[in-house]
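The structure under discussion appears below in the form of structure tokens.
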Amino acid sequence: MPSNGYSFRIGADENGLGPRLGPMLTTAVLAQMGEGGHKTVERPARGKMKKRLGDSKALMAHGDIALGEAWSRILASRALARPPVSVAEVVQALSLDDETNLREHCPSHVAGQCWGSHKDGFIADDSLLALVEKDLQTLAKKGVHIVSARSVIVCTLRLNHGVDRGLSRFALDLHAMERLVLSLRETAGQDVCAVLGKVGGLRQYEPAFGPLNGRLCTVLEERKERSSYRFPGVGELSFVMDADASDLLVSMASLVGKYLREVLMARIVNHYSQTDSSLPDASGYHDPITAQFIDATKLTRKRQKVPDDCFERRRLGP
């Protein structure tokens with residue numbers, strides 16, 4: 001197993017790979033592993049914890065994000081050394097990039113669409129926060145000490161710029177995972193074991209690497225279910241199919257990423273609802289409500305001179 005000999009472990013996953021609207025999130029959680037820690041994260045949560053830590057698709061849904069918020073707020077508090085006071089503070093505390101970098105390519109007159117936080121608000125109650133904090137204490141007793149959580153936010157404009165450079169969303173997701181592993185490896189101060197959600201069904205990752213491209217790499221295995229690589233000075237990376245259902249750190253990362261995507265998508269809806277309060281609460285995915293939202297905002301976007309590339313994703317190919 002790739003966990004052998006590693007004192008630090010990373011779990012990472014993406015959220016929002018395929019929607020029409022909103023950002024793609026790639027999130028990673030770093031943990032220091034004590035005795036029994038690797039075995040703990042390699043099996044599903046047990047008892048009451050399984051109601052709060054598992055496959056994000058089963059535990060959360062559009063509009064039902066309190067659980068993801070609770071995990072995000074508790075993990076953000078570790079980065080801040082205090083409880084966050086706003087959703088915006090949670091987003092920034094967990095983002096790998098600072099606000100200046102996030103808005104680097106954002107037209108100033110469009111910033112309100114993605115970064116307007118006037119309607120942000122917490123919904124998770126104190127009892128849920130306390131349960132999540134208790135879950136972290138339970139994990140620590142089982143050898144899993146959470147150190148850090150970080151997320152790469154790839155907005156629609158950056159996704160479309162990637163298309164212009166011949167990079168699919170799968171490539172951008174992979175490159176975001178690589179950035180997260182390299183950053184958290186620096187936090188750990190030693191090589192890490194990283195378990196990452198499979199990207200685009202790939203088996204061979206070497207030709208697609210970005211930030212890791214050019215580093216010495218040993219291929220350990222390349223199968224449909226799992227592709228693993230060892231990088232001296234970084235550690236061991238395994239891309240695992242359905243990792244969010246089989247690795248607790250990946251599950252935790254997915255819950256955080258899903259929450260952040262929901263928050264950032266809600267800002268887009270809230271921005272246009274200021275002009276038209278009848279607009280539906282669009283998820284951004286390929287569904288009739290999102291299609292209705294896109295059509296209903298056309299005139300507003302034209303009046304506000306919102307570039308199409310800041311609103312709806314494009315894809316490679318015809």
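Chain labels run A, B, ... following the order of the structure tokens; each chain numbers its residues from 1, and ligands are numbered from 1 in the order shown.
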
message: Please identify the helix (DSSP H, G or I) residues within range 82-185 of chain A (assignment by DSSP from backbone atoms) and present them as a PyMOL selection string.
response: chain A and resi 87-94+99-102+108-115+126-141+156-164+169-185

Can you check which parts of range 129-226 of chain A lie within 10 Å of range 67-77 of chain A? Per residue, the shortest pair of atoms and distance in Å to one decimal, counting only C-alpha atoms, sorted by chain and number, as CSV.
residue,atom,partner,partner_atom,distance
A:Leu129,CA,A:Ala70,CA,5.3
A:Ala130,CA,A:Ala70,CA,8.8
A:Leu131,CA,A:Ala70,CA,9.0
A:Val132,CA,A:Trp71,CA,6.4
A:Glu133,CA,A:Ile74,CA,6.8
A:Asp135,CA,A:Trp71,CA,9.9
A:Leu136,CA,A:Ile74,CA,9.3
A:Ile146,CA,A:Leu75,CA,8.5
A:Val147,CA,A:Leu75,CA,8.8
A:Ser148,CA,A:Leu75,CA,7.1
A:Ala149,CA,A:Leu75,CA,6.5
A:Arg150,CA,A:Ala76,CA,9.1

Leaving out range 99-103 of chain A and any residue of its chain fewer than 2 positions from it, which residues lie within 10 Å of it when counting only C-alpha atoms, given as a PDB file with N, CA and C atoms, in the first residue's frame?
ATOM      1  N   VAL A  91     -13.963  31.199   2.763  1.00  0.00           N
ATOM      2  CA  VAL A  91     -13.474  30.998   1.397  1.00  0.00           C
ATOM      3  C   VAL A  91     -11.997  31.365   1.301  1.00  0.00           C
ATOM      4  N   GLN A  92     -11.628  32.529   1.840  1.00  0.00           N
ATOM      5  CA  GLN A  92     -10.242  32.966   1.730  1.00  0.00           C
ATOM      6  C   GLN A  92      -9.295  32.116   2.567  1.00  0.00           C
ATOM      7  N   SER A  95      -8.764  28.903   0.554  1.00  0.00           N
ATOM      8  CA  SER A  95      -8.257  29.043  -0.806  1.00  0.00           C
ATOM      9  C   SER A  95      -6.734  29.001  -0.826  1.00  0.00           C
ATOM     10  N   LEU A  96      -6.178  28.246  -1.761  1.00  0.00           N
ATOM     11  CA  LEU A  96      -4.729  28.206  -1.913  1.00  0.00           C
ATOM     12  C   LEU A  96      -4.207  29.539  -2.439  1.00  0.00           C
ATOM     13  N   ASP A  97      -5.034  30.237  -3.208  1.00  0.00           N
ATOM     14  CA  ASP A  97      -4.646  31.520  -3.795  1.00  0.00           C
ATOM     15  C   ASP A  97      -5.253  32.670  -3.003  1.00  0.00           C
ATOM     16  N   HIS A 105      -7.599  38.031 -13.345  1.00  0.00           N
ATOM     17  CA  HIS A 105      -8.114  38.158 -14.707  1.00  0.00           C
ATOM     18  C   HIS A 105      -9.570  38.617 -14.731  1.00  0.00           C
ATOM     19  N   CYS A 106     -10.082  39.037 -13.593  1.00  0.00           N
ATOM     20  CA  CYS A 106     -11.507  39.377 -13.478  1.00  0.00           C
ATOM     21  C   CYS A 106     -11.750  40.828 -13.890  1.00  0.00           C
ATOM     22  N   PRO A 107     -12.547  41.085 -14.952  1.00  0.00           N
ATOM     23  CA  PRO A 107     -12.889  42.471 -15.297  1.00  0.00           C
ATOM     24  C   PRO A 107     -13.550  43.158 -14.107  1.00  0.00           C
ATOM     25  N   SER A 108     -13.146  44.374 -13.807  1.00  0.00           N
ATOM     26  CA  SER A 108     -13.618  45.048 -12.595  1.00  0.00           C
ATOM     27  C   SER A 108     -15.134  45.196 -12.564  1.00  0.00           C
ATOM     28  N   ALA A 111     -16.853  41.867 -11.295  1.00  0.00           N
ATOM     29  CA  ALA A 111     -16.454  41.264 -10.023  1.00  0.00           C
ATOM     30  C   ALA A 111     -17.646  40.925  -9.137  1.00  0.00           C
ATOM     31  N   CYS A 114     -19.183  37.247  -9.239  1.00  0.00           N
ATOM     32  CA  CYS A 114     -18.541  36.101  -8.600  1.00  0.00           C
ATOM     33  C   CYS A 114     -18.103  36.358  -7.166  1.00  0.00           C
ATOM     34  N   TRP A 115     -17.879  37.621  -6.812  1.00  0.00           N
ATOM     35  CA  TRP A 115     -17.277  37.917  -5.519  1.00  0.00           C
ATOM     36  C   TRP A 115     -18.172  38.753  -4.611  1.00  0.00           C
ATOM     37  N   VAL A 152      -8.265  24.896  -4.544  1.00  0.00           N
ATOM     38  CA  VAL A 152      -7.978  25.711  -5.726  1.00  0.00           C
ATOM     39  C   VAL A 152      -9.299  26.027  -6.407  1.00  0.00           C
ATOM     40  N   ILE A 153      -9.578  27.313  -6.558  1.00  0.00           N
ATOM     41  CA  ILE A 153     -10.802  27.772  -7.206  1.00  0.00           C
ATOM     42  C   ILE A 153     -10.472  28.133  -8.645  1.00  0.00           C
ATOM     43  N   VAL A 154     -11.078  27.428  -9.589  1.00  0.00           N
ATOM     44  CA  VAL A 154     -10.856  27.714 -11.008  1.00  0.00           C
ATOM     45  C   VAL A 154     -12.161  28.273 -11.569  1.00  0.00           C
ATOM     46  N   CYS A 155     -12.205  29.584 -11.767  1.00  0.00           N
ATOM     47  CA  CYS A 155     -13.444  30.227 -12.201  1.00  0.00           C
ATOM     48  C   CYS A 155     -13.714  29.920 -13.673  1.00  0.00           C
ATOM     49  N   ARG A 158     -11.174  31.315 -16.175  1.00  0.00           N
ATOM     50  CA  ARG A 158      -9.917  30.549 -16.243  1.00  0.00           C
ATOM     51  C   ARG A 158     -10.120  29.210 -16.948  1.00  0.00           C
TER      52      ARG A 158
END

Per residue of range 150-220 of chain A within 12 Å of range 6-29 of chain A, what are the shortest atom pair and its distance in Å to one decimal, counting only C-alpha atoms, with rows by chain and residue number, as a Markdown table?
| residue | atom | partner | partner_atom | distance |
| --- | --- | --- | --- | --- |
| A:Arg150 | CA | A:Ala28 | CA | 5.5 |
| A:Ser151 | CA | A:Thr27 | CA | 4.1 |
| A:Val152 | CA | A:Thr26 | CA | 5.2 |
| A:Ile153 | CA | A:Leu25 | CA | 5.0 |
| A:Val154 | CA | A:Met24 | CA | 5.1 |
| A:Cys155 | CA | A:Pro23 | CA | 4.2 |
| A:Thr156 | CA | A:Pro23 | CA | 5.5 |
| A:Leu157 | CA | A:Pro23 | CA | 8.8 |
| A:Arg158 | CA | A:Pro23 | CA | 9.0 |
| A:Leu159 | CA | A:Pro23 | CA | 8.2 |
| A:Asn160 | CA | A:Pro23 | CA | 10.9 |
| A:Ser168 | CA | A:Leu17 | CA | 10.3 |
| A:Arg169 | CA | A:Leu17 | CA | 6.8 |
| A:Phe170 | CA | A:Leu17 | CA | 7.6 |
| A:Ala171 | CA | A:Leu17 | CA | 10.8 |
| A:Leu172 | CA | A:Met24 | CA | 9.2 |
| A:Asp173 | CA | A:Thr26 | CA | 6.5 |
| A:Leu174 | CA | A:Thr26 | CA | 8.8 |
| A:His175 | CA | A:Thr26 | CA | 9.6 |
| A:Ala176 | CA | A:Thr26 | CA | 6.3 |
| A:Met177 | CA | A:Thr26 | CA | 6.5 |
| A:Glu178 | CA | A:Ala12 | CA | 9.9 |
| A:Arg179 | CA | A:Thr26 | CA | 9.9 |
| A:Leu180 | CA | A:Ala28 | CA | 6.5 |
| A:Val181 | CA | A:Ile10 | CA | 7.4 |
| A:Leu182 | CA | A:Ile10 | CA | 10.6 |
| A:Ser183 | CA | A:Ala28 | CA | 10.1 |
| A:Leu184 | CA | A:Ile10 | CA | 7.9 |
| A:Arg185 | CA | A:Phe8 | CA | 8.5 |
| A:Glu186 | CA | A:Phe8 | CA | 11.2 |
| A:Thr187 | CA | A:Phe8 | CA | 10.0 |
| A:Ala188 | CA | A:Phe8 | CA | 6.7 |
| A:Gly189 | CA | A:Phe8 | CA | 9.3 |
| A:Gln190 | CA | A:Phe8 | CA | 7.8 |
| A:Asp191 | CA | A:Tyr6 | CA | 7.1 |
| A:Val192 | CA | A:Phe8 | CA | 5.1 |
| A:Cys193 | CA | A:Arg9 | CA | 4.7 |
| A:Ala194 | CA | A:Ile10 | CA | 4.4 |
| A:Val195 | CA | A:Gly11 | CA | 5.0 |
| A:Leu196 | CA | A:Ala12 | CA | 4.8 |
| A:Gly197 | CA | A:Asp13 | CA | 5.0 |
| A:Lys198 | CA | A:Asp13 | CA | 8.2 |
| A:Val199 | CA | A:Glu14 | CA | 8.7 |
| A:Gly200 | CA | A:Leu17 | CA | 9.4 |

query: Val87 in chain A: which residues within 7 Å, counting only C-alpha atoms, same-chain residues fewer than 5 positions away excluded, as a list of chain:residue names?
result: A:Asp120, A:Gly121, A:Phe122

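Taking only C-alpha atoms into account, His145 in chain A lies nearest to A:Arg78 out of the set A:Leu279, A:Asp308, A:Arg78, A:Leu216.
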
- request: Enumerate, as JSON, numbers by chain, the complete set of residues in range 4-181 of chain A that a backbone-based DSSP assignment places in strand (DSSP E or B).
  value: {"A": [8, 9, 10, 11, 12, 13, 14, 15, 21, 24, 25, 26, 27, 28, 29, 30, 31, 32, 33, 61, 64, 95, 144, 145, 146, 147, 148, 149, 150, 151, 152, 153, 154]}

Got time to write the residues from that selection, N, CA and C atoms, as a tab-separated table (two decimals), in the first residue's frame?
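Ended up saving to part-v7.tsv:
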chain	number	residue	atom	x	y	z
A	8	PHE	N	2.78	11.60	6.74
A	8	PHE	CA	1.76	12.56	6.33
A	8	PHE	C	1.00	12.03	5.12
A	9	ARG	N	-0.28	12.29	5.12
A	9	ARG	CA	-1.15	11.80	4.06
A	9	ARG	C	-2.05	12.93	3.57
A	10	ILE	N	-2.31	12.92	2.27
A	10	ILE	CA	-3.19	13.90	1.64
A	10	ILE	C	-4.35	13.18	0.97
A	11	GLY	N	-5.53	13.73	1.08
A	11	GLY	CA	-6.68	13.26	0.32
A	11	GLY	C	-7.23	14.43	-0.49
A	12	ALA	N	-7.48	14.23	-1.78
A	12	ALA	CA	-7.93	15.33	-2.63
A	12	ALA	C	-9.00	14.88	-3.60
A	13	ASP	N	-9.89	15.81	-3.94
A	13	ASP	CA	-10.96	15.50	-4.89
A	13	ASP	C	-11.44	16.80	-5.54
A	14	GLU	N	-12.21	16.65	-6.63
A	14	GLU	CA	-12.76	17.82	-7.31
A	14	GLU	C	-14.26	17.90	-7.11
A	15	ASN	N	-14.78	19.11	-7.27
A	15	ASN	CA	-16.22	19.35	-7.28
A	15	ASN	C	-16.53	20.33	-8.40
A	21	LEU	N	-22.22	26.34	-15.46
A	21	LEU	CA	-21.94	27.61	-14.79
A	21	LEU	C	-21.16	27.39	-13.50
A	24	MET	N	-14.93	25.48	-10.84
A	24	MET	CA	-14.51	24.13	-10.49
A	24	MET	C	-13.63	24.24	-9.25
A	25	LEU	N	-13.86	23.38	-8.28
A	25	LEU	CA	-13.10	23.37	-7.04
A	25	LEU	C	-12.30	22.08	-6.94
A	26	THR	N	-11.04	22.20	-6.60
A	26	THR	CA	-10.21	21.04	-6.30
A	26	THR	C	-9.66	21.26	-4.90
A	27	THR	N	-9.94	20.32	-4.00
A	27	THR	CA	-9.67	20.53	-2.58
A	27	THR	C	-8.84	19.37	-2.03
A	28	ALA	N	-7.95	19.68	-1.11
A	28	ALA	CA	-7.10	18.66	-0.50
A	28	ALA	C	-7.02	18.87	1.01
A	29	VAL	N	-6.92	17.76	1.73
A	29	VAL	CA	-6.78	17.78	3.19
A	29	VAL	C	-5.49	17.04	3.54
A	30	LEU	N	-4.69	17.68	4.40
A	30	LEU	CA	-3.44	17.09	4.87
A	30	LEU	C	-3.61	16.64	6.32
A	31	ALA	N	-3.15	15.41	6.60
A	31	ALA	CA	-3.20	14.88	7.97
A	31	ALA	C	-1.87	14.26	8.34
A	32	GLN	N	-1.50	14.40	9.60
A	32	GLN	CA	-0.35	13.69	10.13
A	32	GLN	C	-0.86	12.38	10.71
A	33	MET	N	-0.20	11.30	10.35
A	33	MET	CA	-0.70	9.98	10.69
A	33	MET	C	0.04	9.37	11.87
A	61	ALA	N	-26.61	18.01	-0.99
A	61	ALA	CA	-27.30	18.26	-2.25
A	61	ALA	C	-27.41	19.76	-2.44
A	64	ASP	N	-28.68	22.13	0.24
A	64	ASP	CA	-28.59	21.45	1.54
A	64	ASP	C	-27.10	21.30	1.87
A	95	SER	N	-8.76	28.90	0.55
A	95	SER	CA	-8.26	29.04	-0.81
A	95	SER	C	-6.73	29.00	-0.83
A	144	VAL	N	-5.32	10.01	13.25
A	144	VAL	CA	-5.48	10.90	12.09
A	144	VAL	C	-5.59	12.33	12.60
A	145	HIS	N	-4.51	13.08	12.50
A	145	HIS	CA	-4.45	14.44	13.02
A	145	HIS	C	-4.52	15.42	11.84
A	146	ILE	N	-5.66	16.07	11.66
A	146	ILE	CA	-5.84	16.97	10.53
A	146	ILE	C	-4.97	18.21	10.72
A	147	VAL	N	-4.17	18.51	9.68
A	147	VAL	CA	-3.24	19.64	9.74
A	147	VAL	C	-3.76	20.84	8.95
A	148	SER	N	-4.26	20.59	7.75
A	148	SER	CA	-4.61	21.70	6.88
A	148	SER	C	-5.58	21.26	5.80
A	149	ALA	N	-6.37	22.21	5.31
A	149	ALA	CA	-7.23	21.99	4.15
A	149	ALA	C	-7.06	23.19	3.21
A	150	ARG	N	-6.91	22.92	1.93
A	150	ARG	CA	-6.74	23.98	0.95
A	150	ARG	C	-7.53	23.64	-0.32
A	151	SER	N	-7.97	24.68	-1.01
A	151	SER	CA	-8.76	24.48	-2.22
A	151	SER	C	-8.29	25.41	-3.32
A	152	VAL	N	-8.27	24.90	-4.54
A	152	VAL	CA	-7.98	25.71	-5.73
A	152	VAL	C	-9.30	26.03	-6.41
A	153	ILE	N	-9.58	27.31	-6.56
A	153	ILE	CA	-10.80	27.77	-7.21
A	153	ILE	C	-10.47	28.13	-8.65
A	154	VAL	N	-11.08	27.43	-9.59
A	154	VAL	CA	-10.86	27.71	-11.01
A	154	VAL	C	-12.16	28.27	-11.57

field: Nearest candidate to Thr297 in chain A (options A:Pro44, A:Gly37, A:Gly5, A:Pro280; using only C-alpha atoms)
entry: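 When distances to Thr297 in chain A are compared using only C-alpha atoms, the smallest one comes from A:Pro280.
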
message: Quick one: residues within 12 Å of Ser278 in chain A, only C-alpha atoms, excluding same-chain residues fewer than 3 positions away - as a PyMOL selection string?
response: chain A and resi 269-270+272-275+281-282+292-293+296-297

Atoms to include: C-alpha atoms. Write the selected residues as an mmCIF file, in the first residue's frame.
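The resulting file, out.cif, is reproduced below:
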data_model
loop_
_atom_site.group_PDB
_atom_site.id
_atom_site.type_symbol
_atom_site.label_atom_id
_atom_site.label_comp_id
_atom_site.auth_asym_id
_atom_site.auth_seq_id
_atom_site.Cartn_x
_atom_site.Cartn_y
_atom_site.Cartn_z
ATOM 1 C CA VAL A 269 -27.553 33.615 -8.695
ATOM 2 C CA ASN A 270 -27.819 36.353 -6.060
ATOM 3 C CA TYR A 272 -28.659 38.509 -11.075
ATOM 4 C CA SER A 273 -31.557 38.186 -8.646
ATOM 5 C CA GLN A 274 -30.943 41.793 -7.642
ATOM 6 C CA THR A 275 -32.250 42.738 -11.093
ATOM 7 C CA ASP A 281 -32.141 29.023 -7.829
ATOM 8 C CA ALA A 282 -29.866 27.463 -10.435
ATOM 9 C CA GLN A 292 -33.875 28.678 -17.726
ATOM 10 C CA PHE A 293 -31.513 30.814 -15.629
ATOM 11 C CA ALA A 296 -33.505 34.628 -18.356
ATOM 12 C CA THR A 297 -30.264 36.523 -17.652
#

query: Within 7 Å of range 226-234 of chain A, counting only C-alpha atoms, which residues qualify if same-chain residues fewer than 3 places away don't, as a ChimeraX atom specification?
result: /A:182,185,191-192,203,216-223,237-241

Write out as a short mmCIF file (atom, residue, chain, number, x, y, z; two decimals) with N, CA and C atoms, in the first residue's frame the residues lying within 8 Å of Leu248 in chain A, counting only C-alpha atoms and excluding same-chain residues fewer than 2 positions away.
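Saved to result.cif:
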data_model
loop_
_atom_site.label_atom_id
_atom_site.label_comp_id
_atom_site.auth_asym_id
_atom_site.auth_seq_id
_atom_site.Cartn_x
_atom_site.Cartn_y
_atom_site.Cartn_z
N GLY A 11 -5.53 13.73 1.08
CA GLY A 11 -6.68 13.26 0.32
C GLY A 11 -7.23 14.43 -0.49
N VAL A 41 -8.25 5.84 7.83
CA VAL A 41 -8.79 6.59 6.69
C VAL A 41 -9.10 5.71 5.50
N GLU A 42 -8.59 4.47 5.50
CA GLU A 42 -8.80 3.59 4.35
C GLU A 42 -10.06 2.73 4.49
N ARG A 43 -10.88 3.02 5.48
CA ARG A 43 -12.16 2.33 5.60
C ARG A 43 -13.26 3.36 5.88
N PRO A 44 -14.51 3.06 5.51
CA PRO A 44 -15.59 4.02 5.71
C PRO A 44 -15.76 4.40 7.17
N ALA A 45 -16.27 5.62 7.40
CA ALA A 45 -16.57 6.06 8.76
C ALA A 45 -17.58 5.11 9.38
N LEU A 53 -19.42 12.07 7.50
CA LEU A 53 -18.17 11.94 6.75
C LEU A 53 -18.26 10.76 5.80
N GLY A 54 -18.33 11.07 4.52
CA GLY A 54 -18.47 10.04 3.50
C GLY A 54 -18.59 10.70 2.15
N ASP A 244 -13.60 9.23 -3.07
CA ASP A 244 -14.38 9.94 -2.05
C ASP A 244 -15.25 8.99 -1.23
N ALA A 245 -15.47 7.78 -1.74
CA ALA A 245 -16.28 6.81 -1.01
C ALA A 245 -15.42 5.81 -0.23
N SER A 246 -14.09 5.86 -0.45
CA SER A 246 -13.24 4.84 0.17
C SER A 246 -12.11 5.41 1.03
N VAL A 250 -10.21 12.06 1.49
CA VAL A 250 -10.81 12.47 0.22
C VAL A 250 -12.26 12.87 0.45
N SER A 251 -12.97 12.11 1.29
CA SER A 251 -14.35 12.45 1.61
C SER A 251 -14.45 13.83 2.24
N MET A 252 -13.55 14.11 3.18
CA MET A 252 -13.55 15.41 3.85
C MET A 252 -13.27 16.53 2.85
#

message: For a quick check of understanding, using only C-alpha atoms, which of A:Lys302, A:His109, A:Lys134, A:Arg82 has the smallest distance to Arg52 in chain A?
response: A:Lys134
